[in-house]
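Trainee: I am sharing final-v2.txt, which consists of compact mmCIF, C-alpha atoms:
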# COMPACT_ATOMS: atom_id res chain seq x y z
CA MET A 1 73.13 -24.20 -52.54
CA SER A 2 72.41 -22.83 -49.13
CA THR A 3 68.92 -21.67 -48.43
CA SER A 4 68.06 -19.03 -45.91
CA SER A 5 65.51 -20.28 -43.42
CA LYS A 6 62.87 -18.03 -41.94
CA PRO A 7 63.74 -16.79 -38.48
CA LYS A 8 61.94 -18.82 -35.85
CA THR A 9 59.31 -16.97 -33.92
CA PRO A 10 60.25 -16.80 -30.25
CA PRO A 11 58.04 -19.12 -28.17
CA PHE A 12 56.28 -16.28 -26.35
CA SER A 13 56.30 -13.69 -29.12
CA SER A 14 53.19 -11.65 -29.70
CA ASP A 15 53.25 -13.10 -33.21
CA SER A 16 52.72 -16.60 -31.90
CA LYS A 17 48.98 -17.15 -31.70
CA LYS A 18 49.39 -20.70 -30.52
CA ASN A 19 51.05 -19.52 -27.34
CA GLN A 20 48.55 -16.78 -26.58
CA PRO A 21 46.12 -17.68 -23.79
CA SER A 22 42.62 -18.32 -25.00
CA SER A 23 39.93 -15.98 -23.72
CA HIS A 24 37.83 -19.09 -23.08
CA GLU A 25 40.36 -20.72 -20.78
CA PRO A 26 39.48 -20.52 -17.07
CA LYS A 27 41.51 -17.98 -15.14
CA LEU A 28 43.85 -19.66 -12.71
CA GLU A 29 43.49 -18.50 -9.14
CA THR A 30 46.62 -16.79 -7.87
CA SER A 31 47.87 -16.60 -4.32
CA ASP A 32 46.55 -13.02 -4.21
CA ASP A 33 43.06 -14.25 -5.19
CA THR A 34 43.19 -16.90 -2.47
CA THR A 35 44.27 -14.33 0.11
CA LYS A 36 41.47 -11.97 -0.91
CA SER A 37 38.94 -14.81 -0.70
CA LEU A 38 40.13 -15.80 2.77
CA LEU A 39 40.04 -12.21 3.96
CA ASN A 40 36.52 -11.83 2.58
CA HIS A 41 35.37 -14.96 4.42
CA GLU A 42 36.99 -13.69 7.62
CA ARG A 43 35.23 -10.33 7.20
CA ILE A 44 31.85 -12.03 6.71
CA ASP A 45 32.42 -14.27 9.75
CA LEU A 46 33.35 -11.25 11.86
CA GLU A 47 30.28 -9.29 10.71
CA ARG A 48 28.00 -12.24 11.50
CA THR A 49 29.58 -12.67 14.94
CA LYS A 50 29.00 -8.99 15.69
CA ALA A 51 25.43 -9.30 14.42
CA ARG A 52 24.75 -12.26 16.73
CA GLN A 53 26.17 -10.34 19.67
CA ARG A 54 23.94 -7.40 18.82
CA LEU A 55 20.87 -9.63 18.50
CA GLN A 56 21.53 -11.08 21.94
CA GLN A 57 20.69 -7.61 23.32
CA THR A 58 17.08 -8.07 22.17
CA GLU A 59 14.46 -7.48 24.86
CA PHE A 60 10.68 -7.27 25.02
CA MET A 61 9.24 -3.84 24.18
CA LEU A 62 5.44 -4.05 23.94
CA SER A 63 2.48 -6.04 22.62
CA ALA A 64 -0.15 -4.48 20.37
CA PRO A 65 -3.59 -6.02 19.69
CA THR A 66 -3.84 -4.21 16.32
CA PHE A 67 -1.45 -2.50 13.93
CA ARG A 68 -3.02 0.84 14.81
CA LEU A 69 -1.43 0.50 18.26
CA CYS A 70 2.05 -0.31 16.98
CA PRO A 71 5.02 1.88 17.94
CA ALA A 72 5.67 5.00 15.86
CA ASP A 73 6.55 4.19 12.26
CA GLU A 74 10.20 5.25 12.54
CA GLY A 75 13.57 3.60 12.76
CA LEU A 76 13.93 0.08 11.30
CA GLU A 77 12.23 -3.22 12.05
CA VAL A 78 12.20 -6.78 10.71
CA ALA A 79 9.04 -8.88 10.99
CA PHE A 80 8.94 -12.64 11.60
CA ALA A 81 5.93 -14.48 10.23
CA GLY A 82 4.78 -18.02 9.63
CA ARG A 83 2.12 -20.63 10.23
CA SER A 84 1.27 -21.32 13.84
CA ASN A 85 3.29 -24.57 13.87
CA ALA A 86 6.27 -23.45 11.77
CA GLY A 87 8.61 -22.95 14.75
CA LYS A 88 8.63 -19.14 14.74
CA SER A 89 9.12 -18.70 18.50
CA SER A 90 11.90 -21.28 18.54
CA ALA A 91 13.68 -19.50 15.67
CA ILE A 92 13.51 -16.12 17.44
CA ASN A 93 14.77 -17.62 20.70
CA ALA A 94 17.65 -19.39 18.91
CA LEU A 95 18.59 -16.23 17.00
CA THR A 96 18.68 -14.10 20.17
CA ASN A 97 20.14 -16.90 22.33
CA GLN A 98 17.28 -16.49 24.82
CA ARG A 99 15.06 -19.40 25.81
CA GLN A 100 11.90 -17.53 26.76
CA LEU A 101 12.01 -14.29 24.75
CA ALA A 102 9.30 -15.34 22.31
CA ARG A 103 6.68 -17.57 23.89
CA SER A 104 4.47 -19.90 21.91
CA SER A 105 0.87 -20.38 22.96
CA LYS A 106 -0.28 -23.79 24.19
CA THR A 107 -3.14 -23.39 21.72
CA PRO A 108 -1.49 -22.42 18.40
CA GLY A 109 -3.28 -19.64 16.56
CA ARG A 110 -5.01 -18.22 19.61
CA THR A 111 -2.44 -15.53 20.38
CA GLN A 112 -3.23 -12.58 18.12
CA MET A 113 -0.95 -10.01 19.72
CA ILE A 114 1.81 -8.33 17.71
CA ASN A 115 4.93 -8.49 19.86
CA PHE A 116 7.67 -5.87 19.46
CA PHE A 117 11.22 -6.40 20.72
CA GLN A 118 13.89 -3.72 20.75
CA ILE A 119 17.43 -4.64 19.73
CA GLY A 120 19.51 -2.39 21.94
CA THR A 121 17.38 0.65 21.11
CA PRO A 122 13.65 1.29 20.46
CA GLU A 123 14.55 2.48 16.95
CA THR A 124 15.76 -1.02 15.99
CA ARG A 125 13.09 -3.68 16.36
CA LEU A 126 12.20 -7.31 15.80
CA VAL A 127 8.47 -7.90 15.30
CA ASP A 128 6.83 -11.23 16.10
CA LEU A 129 3.64 -11.41 14.04
CA PRO A 130 0.80 -13.73 15.13
CA GLY A 131 0.87 -17.19 13.60
CA TYR A 132 -1.57 -17.77 10.77
CA GLY A 133 -3.37 -20.64 9.10
CA TYR A 134 -4.59 -22.43 12.22
CA ALA A 135 -8.06 -23.95 11.97
CA ALA A 136 -9.11 -23.07 15.55
CA VAL A 137 -9.17 -19.34 14.76
CA PRO A 138 -12.69 -18.05 13.89
CA LEU A 139 -13.15 -17.17 10.22
CA GLU A 140 -14.08 -13.53 10.92
CA MET A 141 -10.93 -13.08 13.00
CA LYS A 142 -8.86 -14.57 10.15
CA LYS A 143 -10.35 -12.15 7.62
CA GLU A 144 -9.82 -9.14 9.86
CA TRP A 145 -6.24 -10.17 10.58
CA GLN A 146 -5.45 -10.70 6.89
CA VAL A 147 -6.65 -7.20 5.97
CA GLU A 148 -4.48 -5.62 8.67
CA LEU A 149 -1.49 -7.80 7.83
CA GLU A 150 -1.58 -6.85 4.16
CA GLU A 151 -1.74 -3.15 5.09
CA TYR A 152 1.21 -3.56 7.46
CA LEU A 153 3.41 -5.33 4.89
CA VAL A 154 2.62 -2.89 2.10
CA SER A 155 2.54 0.46 3.92
CA ARG A 156 4.77 0.26 7.03
CA SER A 157 7.73 2.45 6.04
CA SER A 158 10.02 1.32 8.89
CA LEU A 159 9.64 -2.33 7.87
CA ALA A 160 13.01 -3.26 6.36
CA GLY A 161 12.36 -6.93 5.65
CA LEU A 162 10.27 -10.02 6.32
CA VAL A 163 11.58 -13.36 7.63
CA LEU A 164 9.05 -15.99 6.59
CA MET A 165 9.18 -19.37 8.30
CA THR A 166 7.82 -22.48 6.62
CA ASP A 167 8.14 -26.09 7.77
CA ILE A 168 10.59 -27.96 5.50
CA ARG A 169 8.17 -30.93 5.45
CA ARG A 170 5.30 -28.75 4.13
CA PRO A 171 6.87 -25.68 2.50
CA LEU A 172 4.98 -22.85 0.84
CA GLN A 173 1.41 -23.44 1.92
CA PHE A 174 -1.34 -21.22 0.50
CA PHE A 175 -1.04 -18.41 3.03
CA ASP A 176 2.78 -18.48 2.83
CA GLU A 177 2.44 -17.68 -0.86
CA GLN A 178 -0.12 -14.98 -0.07
CA MET A 179 2.39 -13.35 2.30
CA LEU A 180 5.03 -13.44 -0.42
CA HIS A 181 2.69 -11.78 -2.92
CA TRP A 182 1.86 -9.02 -0.43
CA ALA A 183 5.54 -8.48 0.26
CA LYS A 184 6.20 -8.28 -3.49
CA ASP A 185 3.42 -5.71 -3.85
CA GLY A 186 5.05 -3.63 -1.10
CA ASP A 187 8.54 -4.06 -2.62
CA LEU A 188 9.61 -5.67 0.65
CA PRO A 189 12.68 -7.95 0.86
CA VAL A 190 11.91 -11.48 2.08
CA HIS A 191 14.16 -14.16 3.54
CA ILE A 192 12.64 -17.63 3.93
CA LEU A 193 13.64 -20.11 6.62
CA LEU A 194 12.94 -23.76 5.89
CA THR A 195 12.52 -24.60 9.56
CA LYS A 196 12.90 -27.95 11.32
CA ALA A 197 15.61 -28.97 8.86
CA ASP A 198 16.79 -31.47 11.49
CA LYS A 199 13.76 -33.62 10.55
CA PHE A 200 15.56 -34.53 7.30
CA LYS A 201 18.94 -36.01 6.58
CA PHE A 202 21.45 -33.64 4.97
CA GLY A 203 20.86 -34.77 1.37
CA ALA A 204 17.07 -34.72 1.69
CA ALA A 205 17.18 -31.25 3.27
CA LYS A 206 19.31 -29.92 0.40
CA ASN A 207 16.89 -31.42 -2.12
CA ALA A 208 13.96 -29.76 -0.35
CA LEU A 209 15.83 -26.44 -0.45
CA LEU A 210 16.48 -26.76 -4.20
CA LYS A 211 12.89 -27.80 -4.91
CA THR A 212 11.52 -24.81 -2.98
CA LYS A 213 13.89 -22.45 -4.80
CA LEU A 214 12.62 -23.74 -8.15
CA GLU A 215 9.01 -23.32 -7.00
CA LEU A 216 9.69 -19.70 -6.00
CA GLU A 217 11.23 -19.02 -9.41
CA LYS A 218 8.19 -20.53 -11.09
CA LEU A 219 5.92 -18.27 -9.03
CA GLU A 220 8.16 -15.27 -9.84
CA LEU A 221 8.56 -14.47 -6.14
CA PRO A 222 12.07 -13.10 -5.58
CA CYS A 223 13.53 -13.83 -2.16
CA SER A 224 16.48 -15.47 -0.44
CA ILE A 225 16.09 -18.82 1.32
CA GLN A 226 18.03 -21.08 3.68
CA LEU A 227 17.82 -24.20 5.84
CA PHE A 228 17.26 -23.61 9.55
CA SER A 229 17.18 -25.76 12.67
CA ALA A 230 16.55 -24.15 16.06
CA LEU A 231 17.15 -27.53 17.70
CA ARG A 232 20.65 -27.92 16.24
CA LYS A 233 21.37 -24.16 16.18
CA GLU A 234 22.01 -24.42 12.42
CA GLY A 235 21.54 -21.45 10.09
CA ILE A 236 21.76 -18.80 12.81
CA ASP A 237 24.86 -17.08 11.40
CA GLU A 238 23.32 -16.71 7.94
CA LEU A 239 20.10 -15.31 9.39
CA ALA A 240 22.05 -12.92 11.63
CA GLY A 241 23.87 -11.62 8.56
CA ILE A 242 20.57 -10.91 6.80
CA MET A 243 19.24 -9.11 9.89
CA SER A 244 22.43 -7.03 10.11
CA ASP A 245 22.07 -5.87 6.50
CA TRP A 246 18.39 -4.99 6.83
CA LEU A 247 18.73 -3.23 10.20
CA ALA A 248 21.96 -1.45 9.18
CA PHE A 249 23.91 -2.63 12.24
CA ASP A 250 27.10 -1.18 10.74
CA HIS A 251 25.57 2.31 10.81
CA THR A 252 23.93 2.25 14.24
Is it possible to give me this structure as structure tokens?
Mentor:
Amino acid sequence: MSTSSKPKTPPFSSDSKKNQPSSHEPKLETSDDTTKSLLNHERIDLERTKARQRLQQTEFMLSAPTFRLCPADEGLEVAFAGRSNAGKSSAINALTNQRQLARSSKTPGRTQMINFFQIGTPETRLVDLPGYGYAAVPLEMKKEWQVELEEYLVSRSSLAGLVLMTDIRRPLQFFDEQMLHWAKDGDLPVHILLTKADKFKFGAAKNALLKTKLELEKLELPCSIQLFSALRKEGIDELAGIMSDWLAFDHT
């Protein structure tokens, strides 16, 4: 007696659950995805190149002994801050591709001037804040400077962001953390440079970066962070990209 067998379900029928792709399976990257990724990388590289070219137009504007004598609070500016031996001047000179734009004092901590640099126009500025944390500075001067610095970070409306430099061998000292708390109070974006990254081998530098990231998370201090070496000219493109976003280079 012949028996009628059930019709076989076509291999790719909608009725075949076995052949349906699982929602948990990783999505395979197509040639279109690869092309989009490459184009995105090319766009980022081009933007960073343009930002570096723009930053090379930076020139000295003025020095102010106090924040009350700063330029008018208009336009956009990014402040650079750090301990007196964190390599701030070297970072600014590397970023702008100028050897003597920012000059470090022979006696760290003694220079208390706030130096303003215009980036092509007075409405777009880079601000070199005096180094902090150096023992040779009198206590009264430290206290006075800290009060003014907090006011600047919290209330300066043209301040678009803060680049905080900290030595990779001694990251996040007490006053570094104080700066980060002030910036948080003022809702100010912060980008940290772990400077002098050339002092470590690659693996050790990456470990220091990860450890500092975890410490920032523990302190609940939101900010971006990167490795930086003025000596090897490493990290300049990433920093230039941050500066471009904060100073709205695409719109000026």
Trainee: Considering only C-alpha atoms, state which residue in the set A:Ile236, A:Leu221, A:Leu149, A:Ala160 is at the smallest distance from Glu77 in chain A.
Mentor: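 The answer is A:Ala160, which sits nearest to Glu77 in chain A.
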Trainee: Select, from A:Ser224, A:Thr212, A:Ser31, A:Asn85, the residue with the minimum atom-to-atom distance to Asp167 in chain A, counting all atoms listed in the file.
Mentor: A:Asn85
Trainee: From the list A:Glu123, A:Asp33, A:Asp128, A:Glu42, which residue is nearest Phe249 in chain A when using only C-alpha atoms?
Mentor: A:Glu123
Trainee: Which polymer residues have any atom within 9 Å of an atom of Ala51 in chain A, counting only C-alpha atoms, with same-chain residues fewer than 3 positions away left out, as a PyMOL selection string?
Mentor: chain A and resi 46-48+54-56+237+240-241+243-244+249
Trainee: When you look at Leu239 in chain A with a cut-off of 10 Å (counting all atoms listed in the file), what residues show up, excluding the ones that are within fewer than 3 positions of it in the same chain? I need them as a PyMOL selection string.
Mentor: chain A and resi 48+51-52+91+95+163+191-193+225-228+234-236+242-244
Trainee: Could you check the closest approach to Gly120 in chain A for each of A:Phe60, A:Tyr152, A:Phe202, A:Trp145 and tell me which residue wins, using only C-alpha atoms?
Mentor: A:Phe60
Trainee: When you count only C-alpha atoms, which of these residues is closest to Leu101 in chain A: A:Thr124, A:Lys184, A:Glu59, A:Lys142?
Mentor: A:Glu59
Trainee: For Asn93 in chain A, which residue out of A:Asp32, A:Leu231, A:Ile44, A:Glu150 is the nearest one, using only C-alpha atoms?
Mentor: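 Result for the nearest residue to Asn93 in chain A: A:Leu231.
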Trainee: Just to confirm, what's the straight-line distance from CA of Leu159 in chain A to CA of Leu129 in chain A in Å (one decimal)?
Mentor: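 Separation of CA of Leu159 in chain A and CA of Leu129 in chain A: 12.5 Å.
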Trainee: Could you work out how far CA of Gln178 in chain A lies from CA of Lys143 in chain A, giving the answer in Å with one decimal?
Mentor: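 Value for the CA of Lys143 in chain A-CA of Gln178 in chain A distance: 13.1 Å.
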Trainee: Mind giving me the straight-line distance from CA of Thr195 in chain A to CA of Arg170 in chain A in Å, one decimal?
Mentor: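 Separation of CA of Thr195 in chain A and CA of Arg170 in chain A: 9.9 Å.
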Trainee: Given 5 Å on each side, where is the centre and what are the edge lengths in Å to one decimal of the axis-aligned box enclosing the listed atoms of range 226-238 of chain A, as AutoDock Vina command-line options?
Mentor:
--center_x 20.7 --center_y -22.3 --center_z 10.7 --size_x 18.3 --size_y 21.2 --size_z 24.0
Trainee: At a cut-off of 9 Å, using all atoms listed in the file, what residues contact Arg103 in chain A? Leave out same-chain residues fewer than 2 positions from it and give the result as a PyMOL selection string.
Mentor: chain A and resi 89-90+93+99-101+105
